[in-house]
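Chemist: One structure coming up, written as structure tokens, with questions to follow.
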Amino acid sequence: MAVQPRARTIVLTLCSALLATTAATLPARAEAPAAAKSWEVRGPHGSPTAVVALDPADGSPTLAVRRAGRTVLEPSPVGLVTEQSDFSEGLTLTGRSDRTVVEHYTVPTGKSHKRDVRMTESRFRFRTADGARIDLLTRVAADGVAYRYVLPDDHGDVVREASAFTFPTTTEPVISAYRRDNELPFVRYQSAAAVPAGTYSMQALFKTDGGYALVAESDLNGSYAGSHLTHTAGSPTFGVSPWNDEPIQVSGSLTTPWRAVITGDLATVSESTFTDDLAPKSRVRDTSWIKPGPALWTWLAGGKEAGQSLEAQKKYVDYAAERNWPYEVVDAGWYFKPDEWEVIDPNWQTENWMPELVRYGKERGVEIQVWLHYSLLTDPVEREKWLSTLERWGVKGVKIDFMDSESQERMRWYDDVLAATAKHHLLVNFHGSTIPKGIQRTWPHVMTLEGVGGEEKRNNTAAQLASLPFTRNVIGSMDFTPGAFHRPYRPNVNSDAGELGLTVLYESGIQNLAGTPESYEARPQARRYLEQLPSGWEETRLLTGDPGRSAVLARRAADGRWFIGGTFAGAAQNVDVPMRLGSGKWLVETVTDGPSGLVREPHVVRGGATLTVPVVADGGFAALACRWSPGRTSCDR
């Protein structure tokens with residue numbers, strides 16, 4: 001029987017009531033959260049992948065990094081907060097554009113002279129609810145991911161950065177506490193959560209399930225301040241904080257420094273030039289006067305007394321000339337009046353012996369570099385007076401010391417000094433300084449920077465020596481000043497071979513050799529090896545290593561020879577070193593520690609084979625490799 005309209009209405013009403021009653025008796029079902037909006041940035045084949053996302057709940061942006069399907073960086077906060085706008089939440093994506101960055105450039109220093117760059121760049125355009133604009137610029141290369149912020153409009157000073165790096169809980173950091181001179185040791189922890197609360201240097205290495213990741217910074221100048229990492233105990237997150245949490249002064253638009261993650265296997269990270277690749281092109285057009293090379297550094301050899309003695313410095317020049325080292329570096333004391341601590345007027349040439357030393361050195365093929373306290377170069381007039389006088393005398397370079405700050409004001413000072421030293425054709429070595437952040441690509445006359453607890457320190461350990469190739473020295477030249485065989489405080493005091501290996505293991509455009517002539521003469525195998533050191537490197541390869549425990553690097557000179565340096569923490573052992581030098585047969589001359597001193601031993605090995613090398617406790621070795629041919633017994637040039 002067909003249901004009449006009124007009856008149908010009654011049935012539907014009863015059904016609705018029954019459903020409502022049933023629903024009221026069941027537990028409420030939670031609404032599924034809206035999925036985050038995300039966008040991938042992929043680089044060349046085999047590159048990591050960056051994932052930019054917006055939280056649908058509050059519009060906060062994040063960036064994550066994956067590599068080979070595994071997590072390197074969990075979704076991590078990005079954004080800025082200025083006096084007028086909050087760019088850390090409430091954002092909406094208004095557009096995206098992509099391009100490929102391809103560059104080729106050369107530098108006189110570093111792991112290689114010739115560099116080839118290929119990156120994918122994506123610009124994400126965001127707006128706040130009130131219409132304020134910020135761009136997140138990302139780049140992905142085979143060896144890293146980087147991002148920076150671009151504010152096209154003036155929003156006042158930057159109050160804080162929301163940037164942070166959140167790692168998987170299983171991550172193992174190798175990290176150093178932050179100090180204004182960047183000279184504290186690196187410590188290896190079992191997990192990110194185990195790192196104590198505090199501030200840490202912006203050159204930290206993390207071992208993740210997706211590979212190694214080195215956090216770094218690039219393209220820092222006076223428009224911003226240097227940054228460091230901040231950490232809360234028990235957390236896998238490391239925040240980014242500019243110098244002393246001071247506001248960044250901004251007038252007009254702003255482009256911040258790059259926040260970079262160099263990532264890959266350990267060889268990829270240690271061989272990377274990513275922070276240089278991100279930096280602006282060279283601002284020095286004519287670079288023909290920029291020539292790196294070994295130097296005899298006299299501070300640990302003779303101290304202030306040598307610095308105030310023309311006769312002592314002439315003897316050092318003579319020794320450098322005999323070794324074919326192109327430079328001698330005169331440290332503190334040279335510009336004081338005799339027997340006084342009053343600084344000379346640089347225009348009074350008659351009051352100082354430096355012009356005579358420069359002349360003496362030139363006659364013997366040795367150029368002179370000199371130490372300066374940075375305070376002499378703070379006033380523009382005095383700075384011009386000093387630098388122009390040094391250029392007139394024929395001084396080749398300056399070692400500038402004790403900046404001890406990464407404030408925005410000090411970074412503006414760096415901008416001024418870099419331009420002024422380039423104008424006067426003076427090579428630069430910064431001590432008591434910031435660390436390399438792309439500076440050597442933009443200003444190629446910067447030969448090296450300290451930013452490390454070097455040979456003159458008394459608290460270095462074997463673990464520290466084996467950490468530096470994977471942390472501080474990854475991002476640029478490092479003036480560790482190795483070779484001080486006479487120092488009783490070096491960690492490898494029982495390993496002269498390890499000390500010798502540091503001269504190759506650590507890259508520096510000016511490799512300041514810190515020993516005394518007497519210490520070299522007492523070690524003829526070391527002297528012989530140091531006489532072979534080239535002015536720079538064409539290629540760098542990691543042969544083996546474990547951060548904080550071991551490191552062996554090979555560097556190729558222009559003549560095709562490979563120089564090898566290794567350091568090891570722990571008990572005496574025989575170490576197996578893969579000879580990743582190329583196909584064919586190689587003559588490898590190792591220099592190791594023997595019962596009565598250094599021992600040089602030749603080996604003929606095939607490329608790719610493993611060479612077993614004996615090392616003493618907390619020691620190391622040096623080696624020199626060249627193409628083997630019948631009858632060849634030495635790699636000497």
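Chains: A, B, ... in order of the structure tokens. Residues: from 1 per chain. Ligands: from 1, in order shown.
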Find the spatial neighbours of stretch 523-533 of chain A, counting only C-alpha atoms, within a cut-off of 10 Å - ignore same-chain residues fewer than 6 positions away - and output them as a PyMOL selection string.

Modeler: chain A and resi 293-294+320+322-325+483+485+496-497+499-501+503-504+511+513+517+557+563+591-592+597-600+622-624+635-637

Chemist: With C-alpha atoms kept, could you save the residues just selected as a PDB file, in the first residue's frame?

Modeler:
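Written file, out27.pdb:
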```
ATOM      1  CA  GLY A 293     101.197  30.680   0.402  1.00  0.00           C
ATOM      2  CA  PRO A 294     103.048  29.464   3.507  1.00  0.00           C
ATOM      3  CA  ALA A 320     111.904  31.681   5.118  1.00  0.00           C
ATOM      4  CA  GLU A 322     115.907  29.131   2.440  1.00  0.00           C
ATOM      5  CA  ARG A 323     112.622  27.188   2.698  1.00  0.00           C
ATOM      6  CA  ASN A 324     111.069  28.985  -0.316  1.00  0.00           C
ATOM      7  CA  TRP A 325     108.246  30.261   1.876  1.00  0.00           C
ATOM      8  CA  GLY A 483     103.882  23.506  13.060  1.00  0.00           C
ATOM      9  CA  PHE A 485     106.908  21.544  17.321  1.00  0.00           C
ATOM     10  CA  ASP A 496     105.540  15.227  15.520  1.00  0.00           C
ATOM     11  CA  ALA A 497     103.988  13.436  12.536  1.00  0.00           C
ATOM     12  CA  GLU A 499     101.725  18.085  14.037  1.00  0.00           C
ATOM     13  CA  LEU A 500     103.129  17.941  10.523  1.00  0.00           C
ATOM     14  CA  GLY A 501      99.864  16.534   9.174  1.00  0.00           C
ATOM     15  CA  THR A 503      99.652  21.771   7.972  1.00  0.00           C
ATOM     16  CA  VAL A 504      97.630  19.972   5.274  1.00  0.00           C
ATOM     17  CA  GLN A 511      99.403  28.874   6.330  1.00  0.00           C
ATOM     18  CA  LEU A 513     103.814  28.058  10.377  1.00  0.00           C
ATOM     19  CA  PRO A 517     113.918  27.574  12.890  1.00  0.00           C
ATOM     20  CA  ALA A 557      98.347  20.796  -5.721  1.00  0.00           C
ATOM     21  CA  PHE A 563      99.314  16.172   0.161  1.00  0.00           C
ATOM     22  CA  VAL A 591     105.906  10.524   7.468  1.00  0.00           C
ATOM     23  CA  THR A 592     105.174   8.825  10.791  1.00  0.00           C
ATOM     24  CA  GLY A 597     112.023  10.748  15.442  1.00  0.00           C
ATOM     25  CA  LEU A 598     110.145  11.142  12.186  1.00  0.00           C
ATOM     26  CA  VAL A 599     110.357   8.332   9.652  1.00  0.00           C
ATOM     27  CA  ARG A 600     109.720   8.731   5.912  1.00  0.00           C
ATOM     28  CA  ALA A 622     101.579  13.314   6.911  1.00  0.00           C
ATOM     29  CA  ALA A 623     102.040  11.972   3.406  1.00  0.00           C
ATOM     30  CA  LEU A 624     102.889  13.081  -0.112  1.00  0.00           C
ATOM     31  CA  CYS A 635     107.814  12.905  -4.790  1.00  0.00           C
ATOM     32  CA  ASP A 636     110.018  15.963  -4.283  1.00  0.00           C
ATOM     33  CA  ARG A 637     109.469  18.680  -6.845  1.00  0.00           C
TER      34      ARG A 637
END
```

Chemist: Just the residues within 7 Å of A:Ile475, please, counting only C-alpha atoms, with nothing from its chain fewer than 3 positions along; format it as a ChimeraX atom specification.

Modeler: /A:275,436-437,472

Chemist: For all heavy atoms, I'd like the residues from the last selection saved as a PDB file, in the first residue's frame.

Modeler:
```pdb
ATOM      1  N   THR A 275      78.789  27.538   1.514  1.00  0.00           N
ATOM      2  CA  THR A 275      78.671  28.892   2.064  1.00  0.00           C
ATOM      3  C   THR A 275      79.331  29.927   1.161  1.00  0.00           C
ATOM      4  O   THR A 275      78.868  31.062   1.066  1.00  0.00           O
ATOM      5  CB  THR A 275      79.256  28.963   3.483  1.00  0.00           C
ATOM      6  OG1 THR A 275      80.581  28.420   3.480  1.00  0.00           O
ATOM      7  CG2 THR A 275      78.395  28.195   4.464  1.00  0.00           C
ATOM      8  N   PRO A 436      84.427  32.629   8.804  1.00  0.00           N
ATOM      9  CA  PRO A 436      84.103  32.854   7.390  1.00  0.00           C
ATOM     10  C   PRO A 436      82.620  32.584   7.113  1.00  0.00           C
ATOM     11  O   PRO A 436      82.087  31.554   7.513  1.00  0.00           O
ATOM     12  CB  PRO A 436      84.974  31.838   6.654  1.00  0.00           C
ATOM     13  CG  PRO A 436      86.048  31.474   7.613  1.00  0.00           C
ATOM     14  CD  PRO A 436      85.448  31.572   8.970  1.00  0.00           C
ATOM     15  N   LYS A 437      81.985  33.518   6.446  1.00  0.00           N
ATOM     16  CA  LYS A 437      80.572  33.377   6.094  1.00  0.00           C
ATOM     17  C   LYS A 437      80.390  33.831   4.653  1.00  0.00           C
ATOM     18  O   LYS A 437      79.595  34.708   4.353  1.00  0.00           O
ATOM     19  CB  LYS A 437      79.705  34.171   7.057  1.00  0.00           C
ATOM     20  CG  LYS A 437      79.861  33.685   8.505  1.00  0.00           C
ATOM     21  CD  LYS A 437      79.048  34.447   9.510  1.00  0.00           C
ATOM     22  CE  LYS A 437      79.250  33.868  10.912  1.00  0.00           C
ATOM     23  NZ  LYS A 437      78.414  34.504  11.938  1.00  0.00           N
ATOM     24  N   ARG A 472      84.602  23.899  11.911  1.00  0.00           N
ATOM     25  CA  ARG A 472      85.107  25.229  11.589  1.00  0.00           C
ATOM     26  C   ARG A 472      85.751  25.330  10.209  1.00  0.00           C
ATOM     27  O   ARG A 472      85.507  26.283   9.452  1.00  0.00           O
ATOM     28  CB  ARG A 472      86.091  25.669  12.678  1.00  0.00           C
ATOM     29  CG  ARG A 472      86.976  26.843  12.355  1.00  0.00           C
ATOM     30  CD  ARG A 472      86.180  28.132  12.152  1.00  0.00           C
ATOM     31  NE  ARG A 472      87.087  29.211  11.806  1.00  0.00           N
ATOM     32  CZ  ARG A 472      87.526  29.447  10.575  1.00  0.00           C
ATOM     33  NH1 ARG A 472      87.139  28.683   9.557  1.00  0.00           N
ATOM     34  NH2 ARG A 472      88.344  30.454  10.331  1.00  0.00           N
TER      35      ARG A 472
END
```

Chemist: A:Asp135, A:Asp546, A:Glu450, A:Glu409: which is nearest A:Val150, counting only C-alpha atoms?

Modeler: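 Comparing A:Asp135, A:Asp546, A:Glu450, A:Glu409 against A:Val150, the winner is A:Asp135.
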
Chemist: Which residue, A:Gly303, A:Arg549, A:Ser477, A:Ala571, has the smallest gap to A:Lys111 when you use only C-alpha atoms?

Modeler: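 Nearest candidate to A:Lys111 out of A:Gly303, A:Arg549, A:Ser477, A:Ala571: A:Ser477.
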
Chemist: Kindly give the distance, in Å, that separates atom CA of A:Asp245 and atom CA of A:Glu83, rounded to a single decimal.

Modeler: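 Atom CA of A:Glu83 lies at a distance of 14.1 Å from atom CA of A:Asp245.
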
Chemist: Just the residues within 9 Å of A:Arg133, please, counting only C-alpha atoms, with nothing from its chain fewer than 2 positions along; format it as a list of chain:residue names.

Modeler: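 Residues near the query, excluding close chain neighbours: A:Phe87, A:Arg125, A:Phe126, A:Arg127, A:Thr128, A:Gly131, A:Asp135, A:Val150, A:Leu151, A:Pro152, A:Asp153.
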
Chemist: According to DSSP computed on the backbone, where in stretch 57-189 of chain A is there strand (DSSP E)? Give the residues as a short mmCIF file (atom, residue, chain, number, x, y, z; two decimals) with N, CA, C and O atoms, in the first residue's frame.

Modeler:
```cif
data_model
loop_
_atom_site.label_atom_id
_atom_site.label_comp_id
_atom_site.auth_asym_id
_atom_site.auth_seq_id
_atom_site.Cartn_x
_atom_site.Cartn_y
_atom_site.Cartn_z
N PRO A 61 55.00 29.80 9.30
CA PRO A 61 55.77 29.09 8.28
C PRO A 61 56.83 28.18 8.89
O PRO A 61 57.38 28.46 9.97
N THR A 62 57.12 27.07 8.20
CA THR A 62 58.18 26.16 8.61
C THR A 62 58.96 25.72 7.38
O THR A 62 58.51 25.87 6.24
N LEU A 63 60.16 25.18 7.63
CA LEU A 63 60.97 24.62 6.57
C LEU A 63 61.56 23.31 7.07
O LEU A 63 62.11 23.25 8.19
N ALA A 64 61.45 22.26 6.26
CA ALA A 64 62.02 20.96 6.59
C ALA A 64 62.97 20.54 5.48
O ALA A 64 62.90 21.05 4.36
N VAL A 65 63.86 19.59 5.79
CA VAL A 65 64.81 19.09 4.80
C VAL A 65 64.80 17.57 4.84
O VAL A 65 64.92 16.96 5.92
N ARG A 66 64.65 16.97 3.66
CA ARG A 66 64.74 15.52 3.52
C ARG A 66 65.87 15.20 2.54
O ARG A 66 66.18 15.96 1.64
N ARG A 67 66.44 14.02 2.73
CA ARG A 67 67.48 13.56 1.83
C ARG A 67 67.35 12.06 1.66
O ARG A 67 67.31 11.32 2.64
N ARG A 70 64.81 10.37 3.79
CA ARG A 70 64.97 10.41 5.24
C ARG A 70 65.03 11.85 5.72
O ARG A 70 65.42 12.76 4.98
N THR A 71 64.72 12.03 6.99
CA THR A 71 64.64 13.37 7.55
C THR A 71 66.00 13.87 8.00
O THR A 71 66.70 13.20 8.77
N VAL A 72 66.36 15.03 7.50
CA VAL A 72 67.55 15.74 7.99
C VAL A 72 67.12 16.81 8.98
O VAL A 72 67.71 16.97 10.05
N LEU A 73 66.09 17.54 8.63
CA LEU A 73 65.59 18.63 9.47
C LEU A 73 64.07 18.50 9.55
O LEU A 73 63.39 18.47 8.52
N GLU A 74 63.56 18.40 10.77
CA GLU A 74 62.11 18.39 10.96
C GLU A 74 61.53 19.76 10.61
O GLU A 74 62.28 20.74 10.52
N PRO A 75 60.20 19.86 10.38
CA PRO A 75 59.62 21.19 10.14
C PRO A 75 60.05 22.17 11.23
O PRO A 75 59.78 21.97 12.41
N SER A 76 60.77 23.21 10.82
CA SER A 76 61.40 24.15 11.75
C SER A 76 60.88 25.55 11.51
O SER A 76 60.67 25.95 10.36
N PRO A 77 60.69 26.32 12.57
CA PRO A 77 60.14 27.66 12.39
C PRO A 77 61.03 28.55 11.53
O PRO A 77 62.27 28.47 11.61
N LEU A 80 60.43 36.41 10.72
CA LEU A 80 61.00 37.57 11.41
C LEU A 80 59.91 38.32 12.15
O LEU A 80 58.73 38.27 11.76
N VAL A 81 60.32 39.04 13.18
CA VAL A 81 59.43 39.97 13.85
C VAL A 81 60.11 41.34 13.86
O VAL A 81 61.24 41.47 14.32
N THR A 82 59.44 42.34 13.30
CA THR A 82 59.99 43.69 13.26
C THR A 82 59.19 44.60 14.19
O THR A 82 58.21 44.18 14.81
N THR A 92 49.90 34.31 4.63
CA THR A 92 49.21 33.71 3.49
C THR A 92 50.14 33.75 2.29
O THR A 92 50.77 34.79 2.03
N LEU A 93 50.24 32.65 1.56
CA LEU A 93 51.07 32.61 0.36
C LEU A 93 50.35 33.34 -0.77
O LEU A 93 49.20 33.04 -1.08
N THR A 94 51.05 34.29 -1.38
CA THR A 94 50.46 35.04 -2.50
C THR A 94 51.12 34.70 -3.83
O THR A 94 50.61 35.11 -4.87
N GLY A 95 52.23 33.97 -3.82
CA GLY A 95 52.87 33.63 -5.08
C GLY A 95 54.18 32.91 -4.88
O GLY A 95 54.77 32.95 -3.79
N ARG A 96 54.61 32.26 -5.94
CA ARG A 96 55.89 31.56 -5.92
C ARG A 96 56.51 31.66 -7.31
O ARG A 96 55.81 31.57 -8.32
N SER A 97 57.83 31.86 -7.34
CA SER A 97 58.56 31.85 -8.61
C SER A 97 59.83 31.03 -8.43
O SER A 97 60.39 30.96 -7.33
N ASP A 98 60.28 30.39 -9.50
CA ASP A 98 61.44 29.50 -9.46
C ASP A 98 62.43 29.87 -10.55
O ASP A 98 62.03 30.34 -11.62
N ARG A 99 63.70 29.63 -10.28
CA ARG A 99 64.72 29.79 -11.30
C ARG A 99 65.90 28.90 -10.96
O ARG A 99 66.04 28.42 -9.83
N THR A 100 66.75 28.67 -11.94
CA THR A 100 67.97 27.90 -11.73
C THR A 100 69.16 28.86 -11.68
O THR A 100 69.31 29.72 -12.55
N VAL A 101 69.98 28.72 -10.65
CA VAL A 101 71.18 29.55 -10.49
C VAL A 101 72.39 28.74 -10.94
O VAL A 101 72.68 27.68 -10.38
N VAL A 102 73.06 29.21 -11.97
CA VAL A 102 74.27 28.55 -12.47
C VAL A 102 75.40 29.57 -12.48
O VAL A 102 75.27 30.64 -13.11
N GLU A 103 76.48 29.27 -11.78
CA GLU A 103 77.61 30.20 -11.69
C GLU A 103 78.92 29.43 -11.77
O GLU A 103 78.99 28.26 -11.36
N HIS A 104 79.95 30.10 -12.25
CA HIS A 104 81.31 29.56 -12.28
C HIS A 104 82.22 30.67 -11.77
O HIS A 104 82.17 31.80 -12.27
N TYR A 105 83.04 30.37 -10.79
CA TYR A 105 83.93 31.40 -10.26
C TYR A 105 85.22 30.76 -9.76
O TYR A 105 85.31 29.54 -9.58
N THR A 106 86.21 31.58 -9.55
CA THR A 106 87.49 31.13 -9.01
C THR A 106 87.83 31.94 -7.77
O THR A 106 87.44 33.10 -7.63
N LYS A 114 88.71 26.46 -8.52
CA LYS A 114 87.62 26.60 -9.46
C LYS A 114 86.34 26.03 -8.86
O LYS A 114 86.34 24.91 -8.34
N ARG A 115 85.26 26.79 -8.96
CA ARG A 115 84.00 26.38 -8.37
C ARG A 115 82.88 26.42 -9.43
O ARG A 115 82.79 27.38 -10.21
N ASP A 116 82.05 25.40 -9.45
CA ASP A 116 80.88 25.34 -10.31
C ASP A 116 79.64 25.22 -9.44
O ASP A 116 79.57 24.34 -8.57
N VAL A 117 78.69 26.09 -9.69
CA VAL A 117 77.51 26.19 -8.83
C VAL A 117 76.25 25.92 -9.65
O VAL A 117 76.09 26.48 -10.75
N ARG A 118 75.39 25.09 -9.14
CA ARG A 118 74.07 24.88 -9.73
C ARG A 118 73.07 24.70 -8.60
O ARG A 118 73.20 23.78 -7.80
N MET A 119 72.09 25.58 -8.52
CA MET A 119 71.10 25.55 -7.45
C MET A 119 69.71 25.84 -8.01
O MET A 119 69.56 26.56 -9.00
N THR A 120 68.71 25.32 -7.34
CA THR A 120 67.32 25.71 -7.60
C THR A 120 66.94 26.77 -6.59
O THR A 120 67.12 26.58 -5.38
N GLU A 121 66.42 27.87 -7.08
CA GLU A 121 65.99 28.96 -6.20
C GLU A 121 64.48 29.14 -6.31
O GLU A 121 63.94 29.25 -7.41
N SER A 122 63.82 29.16 -5.17
CA SER A 122 62.38 29.41 -5.12
C SER A 122 62.11 30.58 -4.20
O SER A 122 62.64 30.64 -3.08
N ARG A 123 61.29 31.50 -4.70
CA ARG A 123 60.90 32.67 -3.89
C ARG A 123 59.42 32.52 -3.52
O ARG A 123 58.54 32.47 -4.37
N PHE A 124 59.16 32.42 -2.22
CA PHE A 124 57.80 32.32 -1.71
C PHE A 124 57.38 33.70 -1.19
O PHE A 124 58.05 34.26 -0.30
N ARG A 125 56.30 34.22 -1.73
CA ARG A 125 55.81 35.55 -1.35
C ARG A 125 54.66 35.40 -0.38
O ARG A 125 53.63 34.80 -0.70
N PHE A 126 54.84 35.97 0.81
CA PHE A 126 53.82 35.90 1.85
C PHE A 126 53.32 37.29 2.22
O PHE A 126 54.04 38.29 2.06
N ARG A 127 52.09 37.32 2.74
CA ARG A 127 51.51 38.55 3.28
C ARG A 127 50.91 38.25 4.66
O ARG A 127 50.43 37.15 4.92
N ARG A 133 54.40 42.57 3.58
CA ARG A 133 54.98 41.57 2.69
C ARG A 133 56.35 41.09 3.18
O ARG A 133 57.16 41.86 3.67
N ILE A 134 56.56 39.78 3.01
CA ILE A 134 57.87 39.18 3.24
C ILE A 134 58.07 38.06 2.24
O ILE A 134 57.12 37.33 1.90
N ASP A 135 59.28 37.94 1.71
CA ASP A 135 59.63 36.85 0.81
C ASP A 135 60.57 35.90 1.53
O ASP A 135 61.51 36.34 2.22
N LEU A 136 60.31 34.62 1.38
CA LEU A 136 61.24 33.59 1.85
C LEU A 136 61.95 33.04 0.62
O LEU A 136 61.33 32.41 -0.23
N LEU A 137 63.25 33.33 0.54
CA LEU A 137 64.05 32.90 -0.60
C LEU A 137 64.80 31.63 -0.22
O LEU A 137 65.54 31.62 0.76
N THR A 138 64.58 30.56 -0.97
CA THR A 138 65.22 29.28 -0.67
C THR A 138 66.12 28.87 -1.82
O THR A 138 65.84 29.18 -2.98
N ARG A 139 67.18 28.17 -1.49
CA ARG A 139 68.05 27.59 -2.50
C ARG A 139 68.39 26.16 -2.10
O ARG A 139 68.66 25.88 -0.93
N VAL A 140 68.40 25.28 -3.11
CA VAL A 140 68.74 23.88 -2.89
C VAL A 140 69.83 23.50 -3.89
O VAL A 140 69.68 23.70 -5.10
N ALA A 141 70.93 22.96 -3.38
CA ALA A 141 72.04 22.47 -4.20
C ALA A 141 72.31 21.03 -3.84
O ALA A 141 71.70 20.47 -2.92
N GLY A 144 73.43 21.14 -0.14
CA GLY A 144 72.85 21.92 0.91
C GLY A 144 71.54 22.60 0.58
O GLY A 144 71.10 22.65 -0.57
N VAL A 145 70.93 23.13 1.64
CA VAL A 145 69.70 23.90 1.56
C VAL A 145 69.93 25.20 2.33
O VAL A 145 70.55 25.19 3.40
N ALA A 146 69.44 26.31 1.78
CA ALA A 146 69.60 27.60 2.46
C ALA A 146 68.35 28.44 2.27
O ALA A 146 67.61 28.26 1.31
N TYR A 147 68.14 29.35 3.21
CA TYR A 147 67.03 30.30 3.06
C TYR A 147 67.42 31.64 3.67
O TYR A 147 68.31 31.73 4.52
N ARG A 148 66.76 32.66 3.19
CA ARG A 148 66.94 34.01 3.73
C ARG A 148 65.62 34.76 3.59
O ARG A 148 64.71 34.33 2.86
N TYR A 149 65.53 35.90 4.26
CA TYR A 149 64.31 36.71 4.21
C TYR A 149 64.57 37.98 3.41
O TYR A 149 65.66 38.58 3.51
N VAL A 150 63.57 38.40 2.67
CA VAL A 150 63.62 39.65 1.94
C VAL A 150 62.39 40.47 2.31
O VAL A 150 61.25 40.02 2.11
N LEU A 151 62.62 41.65 2.88
CA LEU A 151 61.53 42.58 3.19
C LEU A 151 61.57 43.69 2.15
O LEU A 151 62.47 44.53 2.16
N VAL A 158 64.48 45.00 13.04
CA VAL A 158 64.16 43.61 13.32
C VAL A 158 64.32 43.38 14.82
O VAL A 158 65.41 43.58 15.39
N VAL A 159 63.24 42.95 15.46
CA VAL A 159 63.24 42.73 16.90
C VAL A 159 63.78 41.35 17.25
O VAL A 159 64.55 41.17 18.19
N ARG A 160 63.37 40.35 16.48
CA ARG A 160 63.89 39.00 16.70
C ARG A 160 63.68 38.16 15.44
O ARG A 160 62.91 38.52 14.55
N GLU A 161 64.40 37.03 15.41
CA GLU A 161 64.26 36.08 14.33
C GLU A 161 63.58 34.83 14.87
O GLU A 161 63.94 34.34 15.94
N ALA A 164 64.77 28.68 13.35
CA ALA A 164 65.28 27.63 14.24
C ALA A 164 65.51 26.38 13.42
O ALA A 164 65.03 26.24 12.29
N PHE A 165 66.27 25.45 14.01
CA PHE A 165 66.57 24.17 13.38
C PHE A 165 66.15 23.06 14.34
O PHE A 165 66.73 22.93 15.43
N THR A 166 65.14 22.30 13.95
CA THR A 166 64.65 21.19 14.77
C THR A 166 65.09 19.87 14.15
O THR A 166 64.73 19.57 13.00
N GLU A 172 72.97 13.30 16.60
CA GLU A 172 74.16 13.46 17.44
C GLU A 172 74.90 14.74 17.02
O GLU A 172 75.40 14.82 15.91
N PRO A 173 74.96 15.76 17.90
CA PRO A 173 75.63 17.01 17.55
C PRO A 173 77.13 17.00 17.88
O PRO A 173 77.57 16.31 18.80
N VAL A 174 77.87 17.76 17.11
CA VAL A 174 79.24 18.16 17.44
C VAL A 174 79.22 19.68 17.43
O VAL A 174 79.12 20.29 16.36
N ILE A 175 79.32 20.28 18.59
CA ILE A 175 78.93 21.68 18.71
C ILE A 175 79.83 22.39 19.72
O ILE A 175 80.35 21.76 20.65
N SER A 176 80.03 23.70 19.53
CA SER A 176 80.86 24.47 20.46
C SER A 176 80.04 25.58 21.09
O SER A 176 79.21 26.22 20.42
N PHE A 186 84.93 22.17 20.34
CA PHE A 186 83.74 21.42 19.94
C PHE A 186 83.60 20.19 20.82
O PHE A 186 84.58 19.54 21.19
N VAL A 187 82.34 19.86 21.13
CA VAL A 187 82.03 18.71 21.99
C VAL A 187 81.03 17.83 21.25
O VAL A 187 80.07 18.33 20.65
N ARG A 188 81.24 16.54 21.31
CA ARG A 188 80.34 15.58 20.67
C ARG A 188 79.36 15.04 21.71
O ARG A 188 79.76 14.57 22.77
#
```

Chemist: Using only C-alpha atoms, pick whichever of A:Thr610, A:Gln84, A:Gln464, A:Ser495 has the shortest atom-to-atom distance to A:Ala572.

Modeler: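 Smallest distance to A:Ala572 is found for A:Ser495.
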
Chemist: Counting only C-alpha atoms, which residue out of A:Asn460, A:Thr516, A:Ser467, A:Gln190 sits closest to A:His486?

Modeler: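 Of all the options, A:Thr516 lies closest to A:His486.
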
Chemist: When distances are computed from only C-alpha atoms, which of A:Gly69, A:Gly438, A:Pro482, A:Pro247 shows the smallest separation from A:Leu220?

Modeler: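 That would be A:Gly438, the residue with the smallest distance to A:Leu220.
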
Chemist: In stretch 109-334 of chain A, what's alpha helix (DSSP H) per DSSP? Answer as a CSV table (one decimal) with C-alpha atoms, in the first residue's frame?

Modeler:
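What ended up in part33.csv:
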```
chain,number,residue,atom,x,y,z
A,266,LEU,CA,80.6,13.1,5.7
A,267,ALA,CA,82.7,13.6,2.6
A,268,THR,CA,80.0,15.8,1.0
A,269,VAL,CA,80.0,18.1,4.1
A,270,SER,CA,83.8,18.3,4.6
A,271,GLU,CA,84.4,19.0,0.9
A,274,PHE,CA,78.2,25.8,-0.2
A,275,THR,CA,78.7,28.9,2.1
A,276,ASP,CA,81.0,30.5,-0.5
A,277,ASP,CA,78.6,29.5,-3.3
A,278,LEU,CA,75.8,31.4,-1.6
A,299,TRP,CA,105.1,35.2,17.4
A,300,LEU,CA,105.3,31.7,19.0
A,301,ALA,CA,108.9,31.6,17.8
A,302,GLY,CA,110.1,34.8,19.4
A,303,GLY,CA,107.2,36.8,20.9
A,304,LYS,CA,107.3,40.5,21.6
A,305,GLU,CA,111.1,40.6,21.7
A,306,ALA,CA,111.3,39.4,18.1
A,307,GLY,CA,108.6,41.9,17.2
A,310,LEU,CA,115.0,44.3,13.1
A,311,GLU,CA,117.9,41.9,13.4
A,312,ALA,CA,115.7,39.0,14.7
A,313,GLN,CA,113.3,39.6,11.9
A,314,LYS,CA,116.0,39.5,9.3
A,315,LYS,CA,117.1,36.1,10.5
A,316,TYR,CA,113.5,34.9,10.1
A,317,VAL,CA,113.4,36.3,6.6
A,318,ASP,CA,116.6,34.4,5.8
A,319,TYR,CA,115.1,31.2,7.1
A,320,ALA,CA,111.9,31.7,5.1
A,321,ALA,CA,113.9,32.4,2.0
A,322,GLU,CA,115.9,29.1,2.4
A,323,ARG,CA,112.6,27.2,2.7
```

Chemist: Quick one: residues within 12 Å of A:Pro185, only C-alpha atoms, excluding same-chain residues fewer than 4 positions away - as a PyMOL selection string?

Modeler: chain A and resi 174-179+181+200-201+203-204+451-454+457-468+471-472+548
